[in-house]
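Some notes on the structure that comes next.
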Amino acid sequence: MSESPEILKSDLLASIPRELREELLDAYSQILRNFKERRWEPAELNGGKLCEIVYTILRGYVDGNYPTRSSKPGNMVDACRDFEKVPVNSFPRSVRIQIPRMLISLYEIRNNRGVGHTGGDVDPNHMDASYVLETAKWVISELVRIFHGVPTEEATAAVDGLVERTLPIVWKVNGKLRVLSPDMTMKDKTLVLLYHSIGPVGEVVLCSWVEHSNAAVFRRDVLRRAHKDQLIDYDQEAKTVQISPLGIDYVEKDIL
């Protein structure tokens with residue numbers, strides 16, 4: 001059996017009106033960007049915006065009439081529960097039950113975890129932001145699976161591609177990452193790979209990705225110097241490395 005063709009970014013969710021599609025992908029990009037920069041509160045707030053956009057898309061899909069822009073229902077919980085009233089044989093369970101319930105949980109993070117207003121149980125944090133990011137990815141992957149009629153793995157790969165295609169010089173092969181720029185300095189390769197990754201990367205893994213011939217020299221000349229310049233955070237005890245907001249700015253302005 002032949003493999004189905006890869007879903008191109010330009011074709012992703014093409015049956016949804018362009019304005020809604022752009023709102024959706026922009027909200028996801030903002031969640032990812034804020035997460036990379038460890039800006040937990042904006043990442044979680046963007047999760048709330050994504051909920052409103054996905055709700056609007058589901059409502060348009062069920063009603064057979066899409067609005068041009070997203071809108072916020074008066075009561076997100078009740079509005080999402082209304083999808084359970086949709087006839088069982090008319091739409092997939094994911095549209096009627098699963099995605100709406102995920103939206104309710106995402107909106108709960110935005111409203112009642114110290115994000116949308118004061119008085120929540122906890123302040124914005126890495127754990128909640130991680131949940132927002134992964135849930136957003138799952139929801140968009142489900143939309144891709146439904147609208148394109150592809151398996152879950154292909155839908156997820158298409159959403160991953162939204163990120164990976166923003167860095168065409170990074171190549172993933174056999175579980176490793178490579179920077180496709182032979183003349184780039186070790187420092188710049190390191191920063192590009194950290195920019196591409198979400199969260200900390202082990203120094204041993206990073207050294208193998210950039211194919212440095214000497215781990216001790218890599219630590220001394222690349223990691224410690226970049227840490228001193230505040231481009232990265234190099235935790236020598238945990239042996240992990242993570243790009244800083246200053247490093248992100250350097251990659252975007254000076255390398256990409």
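Order determines the names: the first chain of the structure tokens is A, the second B, and so forth; residues in each chain are numbered 1 upward, and ligands are numbered 1 upward as they are shown.
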
Glu52 in chain A environment, 9 Å, only C-alpha atoms, sequence neighbours closer than 5 positions dropped, as a PyMOL selection string: chain A and resi 47+57+70-73+76+103+107

Restricting the output to N, CA, C and O atoms, write the selected residues as a CSV table (one decimal), in the first residue's frame.
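Final output, saved to selection-v3.csv:
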```csv
chain,number,residue,atom,x,y,z
A,47,GLY,N,-3.1,30.0,25.2
A,47,GLY,CA,-3.9,28.8,25.2
A,47,GLY,C,-5.4,29.2,25.3
A,47,GLY,O,-6.2,28.5,24.7
A,57,ILE,N,-14.2,27.3,15.1
A,57,ILE,CA,-14.0,26.3,14.0
A,57,ILE,C,-15.0,25.2,14.2
A,57,ILE,O,-15.7,24.8,13.2
A,70,SER,N,-12.8,34.5,14.7
A,70,SER,CA,-13.2,33.8,15.9
A,70,SER,C,-13.9,34.7,16.8
A,70,SER,O,-13.8,36.0,16.8
A,71,SER,N,-14.7,34.1,17.7
A,71,SER,CA,-15.4,34.9,18.8
A,71,SER,C,-15.4,34.1,20.0
A,71,SER,O,-15.3,32.9,20.0
A,72,LYS,N,-15.6,34.8,21.1
A,72,LYS,CA,-15.7,34.1,22.5
A,72,LYS,C,-17.1,33.9,22.9
A,72,LYS,O,-17.9,34.8,22.9
A,73,PRO,N,-17.5,32.6,23.2
A,73,PRO,CA,-18.8,32.4,23.6
A,73,PRO,C,-19.1,33.0,25.0
A,73,PRO,O,-18.1,33.2,25.7
A,76,MET,N,-17.9,29.5,28.0
A,76,MET,CA,-17.1,28.5,27.3
A,76,MET,C,-17.5,27.1,27.7
A,76,MET,O,-17.6,26.2,26.8
A,103,LEU,N,-10.9,21.6,25.4
A,103,LEU,CA,-11.0,23.1,25.4
A,103,LEU,C,-11.4,23.6,26.8
A,103,LEU,O,-10.9,24.6,27.3
A,107,TYR,N,-9.2,26.1,29.0
A,107,TYR,CA,-9.8,27.4,29.5
A,107,TYR,C,-9.8,27.5,31.0
A,107,TYR,O,-9.7,28.6,31.5
```

All alpha helix (DSSP H) positions in range 65-234 of chain A, as JSON, numbers by chain: {"A": [76, 77, 78, 79, 80, 81, 93, 99, 100, 101, 102, 103, 104, 105, 106, 107, 108, 109, 110, 111, 112, 126, 127, 128, 129, 130, 131, 132, 133, 134, 135, 136, 137, 138, 139, 140, 141, 142, 143, 144, 145, 146, 147, 148, 152, 153, 154, 155, 156, 157, 158, 159, 160, 161, 162, 163, 164, 186, 187, 188, 189, 190, 191, 192, 193, 194, 195, 196, 203, 204, 205, 206, 207, 208, 209, 210, 215, 216, 217, 224, 225, 226, 227, 228]}

Within 8 Å of Cys80 in chain A using only C-alpha atoms, minus same-chain residues under 5 positions, as a list in words: Tyr55, Pro100, Arg101, Leu103 and Ile104 of chain A

Nearest residue to Leu13 in chain A from the set A:Arg145, A:Lys253, A:Lys239, A:Lys228 (distances using only C-alpha atoms): A:Arg145

d(CA of Arg110 in chain A, CA of Phe91 in chain A) in Å: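 If I compute the distance from CA of Arg110 in chain A to CA of Phe91 in chain A, I get 28.0 Å.
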
Separation of CA of Ala129 in chain A from CA of Phe35 in chain A, in Å and rounded to one decimal: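 Between CA of Ala129 in chain A and CA of Phe35 in chain A the gap is 6.9 Å.
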
Contact residues around Pro87 in chain A with only C-alpha atoms at 12 Å, ignoring same-chain residues under 6 positions, as number ranges by chain: A: 62, 93, 95-97

Could the residues in this selection be saved with all heavy atoms as a PDB file, in the first residue's frame?
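Dumped to out32.pdb:
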```pdb
ATOM      1  N   VAL A  62     -19.876  22.242  12.549  1.00  0.00           N
ATOM      2  CA  VAL A  62     -21.139  21.588  12.886  1.00  0.00           C
ATOM      3  C   VAL A  62     -22.317  22.304  12.240  1.00  0.00           C
ATOM      4  O   VAL A  62     -23.242  21.672  11.716  1.00  0.00           O
ATOM      5  CB  VAL A  62     -21.307  21.525  14.415  1.00  0.00           C
ATOM      6  CG1 VAL A  62     -22.719  21.109  14.805  1.00  0.00           C
ATOM      7  CG2 VAL A  62     -20.291  20.552  15.020  1.00  0.00           C
ATOM      8  N   ARG A  93     -16.805  11.539  17.128  1.00  0.00           N
ATOM      9  CA  ARG A  93     -16.820  11.720  18.581  1.00  0.00           C
ATOM     10  C   ARG A  93     -15.821  12.788  19.010  1.00  0.00           C
ATOM     11  O   ARG A  93     -16.059  13.527  19.968  1.00  0.00           O
ATOM     12  CB  ARG A  93     -16.498  10.393  19.271  1.00  0.00           C
ATOM     13  CG  ARG A  93     -16.546  10.473  20.794  1.00  0.00           C
ATOM     14  CD  ARG A  93     -16.327   9.127  21.456  1.00  0.00           C
ATOM     15  NE  ARG A  93     -16.358   9.238  22.906  1.00  0.00           N
ATOM     16  CZ  ARG A  93     -17.463   9.246  23.652  1.00  0.00           C
ATOM     17  NH1 ARG A  93     -18.638   9.131  23.052  1.00  0.00           N
ATOM     18  NH2 ARG A  93     -17.409   9.366  24.964  1.00  0.00           N
ATOM     19  N   VAL A  95     -15.173  15.542  17.573  1.00  0.00           N
ATOM     20  CA  VAL A  95     -15.805  16.857  17.418  1.00  0.00           C
ATOM     21  C   VAL A  95     -16.861  17.077  18.492  1.00  0.00           C
ATOM     22  O   VAL A  95     -16.995  18.176  19.043  1.00  0.00           O
ATOM     23  CB  VAL A  95     -16.422  16.992  16.009  1.00  0.00           C
ATOM     24  CG1 VAL A  95     -17.288  18.250  15.905  1.00  0.00           C
ATOM     25  CG2 VAL A  95     -15.326  17.014  14.956  1.00  0.00           C
ATOM     26  N   ARG A  96     -17.612  16.024  18.808  1.00  0.00           N
ATOM     27  CA  ARG A  96     -18.730  16.154  19.748  1.00  0.00           C
ATOM     28  C   ARG A  96     -18.283  16.146  21.210  1.00  0.00           C
ATOM     29  O   ARG A  96     -18.855  16.849  22.048  1.00  0.00           O
ATOM     30  CB  ARG A  96     -19.729  15.012  19.530  1.00  0.00           C
ATOM     31  CG  ARG A  96     -20.405  15.013  18.174  1.00  0.00           C
ATOM     32  CD  ARG A  96     -21.382  13.853  18.021  1.00  0.00           C
ATOM     33  NE  ARG A  96     -20.695  12.563  17.957  1.00  0.00           N
ATOM     34  CZ  ARG A  96     -20.657  11.685  18.946  1.00  0.00           C
ATOM     35  NH1 ARG A  96     -21.258  11.959  20.096  1.00  0.00           N
ATOM     36  NH2 ARG A  96     -20.026  10.532  18.805  1.00  0.00           N
ATOM     37  N   ILE A  97     -17.250  15.351  21.520  1.00  0.00           N
ATOM     38  CA  ILE A  97     -16.902  15.109  22.921  1.00  0.00           C
ATOM     39  C   ILE A  97     -15.460  15.489  23.255  1.00  0.00           C
ATOM     40  O   ILE A  97     -15.195  16.298  24.152  1.00  0.00           O
ATOM     41  CB  ILE A  97     -17.115  13.619  23.285  1.00  0.00           C
ATOM     42  CG1 ILE A  97     -18.535  13.162  22.939  1.00  0.00           C
ATOM     43  CG2 ILE A  97     -16.782  13.391  24.761  1.00  0.00           C
ATOM     44  CD1 ILE A  97     -19.620  13.773  23.773  1.00  0.00           C
TER      45      ILE A  97
END
```

Non-local contacts of Leu223 in chain A (12 Å; only C-alpha atoms; under 4 positions in same chain excluded) as a ChimeraX atom specification: /A:186-191,194,201-204,206-207,212,215-219,227-236,239-243

Point-to-point distance from CA of Val179 in chain A to CA of Glu134 in chain A, Å rounded to tenths: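 Going from CA of Val179 in chain A over to CA of Glu134 in chain A covers 25.6 Å.
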
Of the listed residues A:Ser15, A:Asn65, A:Thr156, A:Ser244, that which approaches Asn34 in chain A most closely, counting only C-alpha atoms: A:Ser244

DSSP strand (DSSP E) selection over range 6-240 of chain A, as a PyMOL selection string: chain A and resi 170-173+176-179+201-202+232-235+240

Keeping all heavy atoms for every residue in the selection just given, could you write it to a file as a tab-separated table (two decimals), in the first residue's frame?
```tsv
chain	number	residue	atom	x	y	z
A	170	VAL	N	18.00	22.88	10.03
A	170	VAL	CA	18.08	21.80	11.00
A	170	VAL	C	17.46	20.54	10.40
A	170	VAL	O	16.33	20.56	9.92
A	170	VAL	CB	17.37	22.17	12.31
A	170	VAL	CG1	17.36	20.98	13.27
A	170	VAL	CG2	18.06	23.35	12.98
A	171	TRP	N	18.22	19.46	10.44
A	171	TRP	CA	17.78	18.20	9.86
A	171	TRP	C	17.75	17.13	10.94
A	171	TRP	O	18.73	16.95	11.67
A	171	TRP	CB	18.76	17.79	8.75
A	171	TRP	CG	18.46	16.49	8.06
A	171	TRP	CD1	17.24	16.01	7.71
A	171	TRP	CD2	19.42	15.51	7.64
A	171	TRP	NE1	17.37	14.80	7.09
A	171	TRP	CE2	18.69	14.47	7.02
A	171	TRP	CE3	20.81	15.44	7.72
A	171	TRP	CZ2	19.32	13.35	6.49
A	171	TRP	CZ3	21.44	14.33	7.19
A	171	TRP	CH2	20.70	13.30	6.58
A	172	LYS	N	16.62	16.44	11.05
A	172	LYS	CA	16.50	15.35	12.01
A	172	LYS	C	16.73	14.04	11.29
A	172	LYS	O	16.03	13.71	10.32
A	172	LYS	CB	15.12	15.35	12.66
A	172	LYS	CG	14.98	14.33	13.79
A	172	LYS	CD	13.64	14.48	14.48
A	172	LYS	CE	13.52	13.52	15.66
A	172	LYS	NZ	12.22	13.66	16.36
A	173	VAL	N	17.71	13.26	11.75
A	173	VAL	CA	18.05	12.00	11.09
A	173	VAL	C	18.43	10.96	12.14
A	173	VAL	O	19.29	11.23	12.99
A	173	VAL	CB	19.19	12.19	10.05
A	173	VAL	CG1	20.41	12.82	10.68
A	173	VAL	CG2	19.55	10.88	9.38
A	176	LYS	N	18.79	12.03	15.70
A	176	LYS	CA	19.76	13.09	15.99
A	176	LYS	C	19.40	14.33	15.18
A	176	LYS	O	18.72	14.26	14.17
A	176	LYS	CB	21.18	12.63	15.62
A	176	LYS	CG	21.64	11.38	16.37
A	176	LYS	CD	23.09	11.06	16.03
A	176	LYS	CE	23.23	10.55	14.58
A	176	LYS	NZ	22.66	9.20	14.40
A	177	LEU	N	19.91	15.47	15.64
A	177	LEU	CA	19.74	16.72	14.91
A	177	LEU	C	21.07	17.13	14.31
A	177	LEU	O	22.12	16.98	14.94
A	177	LEU	CB	19.21	17.82	15.82
A	177	LEU	CG	17.81	17.62	16.42
A	177	LEU	CD1	17.41	18.82	17.25
A	177	LEU	CD2	16.78	17.35	15.34
A	178	ARG	N	21.01	17.66	13.10
A	178	ARG	CA	22.20	18.16	12.43
A	178	ARG	C	21.91	19.55	11.86
A	178	ARG	O	20.80	19.81	11.38
A	178	ARG	CB	22.61	17.23	11.28
A	178	ARG	CG	23.06	15.85	11.73
A	178	ARG	CD	24.47	15.92	12.31
A	178	ARG	NE	24.99	14.61	12.66
A	178	ARG	CZ	25.02	14.11	13.88
A	178	ARG	NH1	24.58	14.83	14.90
A	178	ARG	NH2	25.51	12.91	14.12
A	179	VAL	N	22.92	20.43	11.91
A	179	VAL	CA	22.80	21.75	11.30
A	179	VAL	C	23.44	21.68	9.91
A	179	VAL	O	24.62	21.36	9.77
A	179	VAL	CB	23.50	22.83	12.15
A	179	VAL	CG1	23.40	24.19	11.47
A	179	VAL	CG2	22.87	22.89	13.54
A	201	VAL	N	18.63	20.65	26.98
A	201	VAL	CA	19.24	19.56	26.23
A	201	VAL	C	20.49	19.12	26.99
A	201	VAL	O	21.26	19.97	27.47
A	201	VAL	CB	19.63	20.00	24.80
A	201	VAL	CG1	20.33	18.86	24.05
A	201	VAL	CG2	18.40	20.46	24.03
A	202	GLY	N	20.72	17.85	27.11
A	202	GLY	CA	21.91	17.35	27.78
A	202	GLY	C	23.17	17.76	27.04
A	202	GLY	O	23.21	17.75	25.81
A	232	ILE	N	22.95	31.41	26.81
A	232	ILE	CA	22.40	30.14	27.26
A	232	ILE	C	22.46	30.08	28.78
A	232	ILE	O	23.15	30.89	29.41
A	232	ILE	CB	23.16	28.93	26.68
A	232	ILE	CG1	24.61	28.93	27.21
A	232	ILE	CG2	23.13	28.91	25.16
A	232	ILE	CD1	25.39	27.66	26.88
A	233	ASP	N	21.76	29.10	29.33
A	233	ASP	CA	21.97	28.73	30.72
A	233	ASP	C	22.61	27.35	30.71
A	233	ASP	O	21.99	26.39	30.26
A	233	ASP	CB	20.67	28.70	31.51
A	233	ASP	CG	20.90	28.26	32.95
A	233	ASP	OD1	21.47	29.05	33.71
A	233	ASP	OD2	20.53	27.11	33.28
A	234	TYR	N	23.84	27.27	31.19
A	234	TYR	CA	24.57	26.01	31.24
A	234	TYR	C	24.65	25.56	32.69
A	234	TYR	O	25.37	26.13	33.49
A	234	TYR	CB	25.97	26.19	30.64
A	234	TYR	CG	26.88	24.98	30.76
A	234	TYR	CD1	26.38	23.69	30.68
A	234	TYR	CD2	28.25	25.15	30.95
A	234	TYR	CE1	27.20	22.59	30.78
A	234	TYR	CE2	29.09	24.06	31.05
A	234	TYR	CZ	28.57	22.77	30.98
A	234	TYR	OH	29.39	21.68	31.09
A	235	ASP	N	23.87	24.55	33.02
A	235	ASP	CA	23.84	24.00	34.37
A	235	ASP	C	24.89	22.89	34.45
A	235	ASP	O	24.65	21.77	33.97
A	235	ASP	CB	22.45	23.45	34.68
A	235	ASP	CG	22.30	23.04	36.15
A	235	ASP	OD1	23.30	22.62	36.75
A	235	ASP	OD2	21.17	23.13	36.66
A	240	THR	N	23.00	20.16	31.73
A	240	THR	CA	21.99	20.50	30.74
A	240	THR	C	22.20	21.93	30.25
A	240	THR	O	22.79	22.77	30.95
A	240	THR	CB	20.57	20.39	31.32
A	240	THR	OG1	20.45	21.24	32.47
A	240	THR	CG2	20.26	18.95	31.71
```
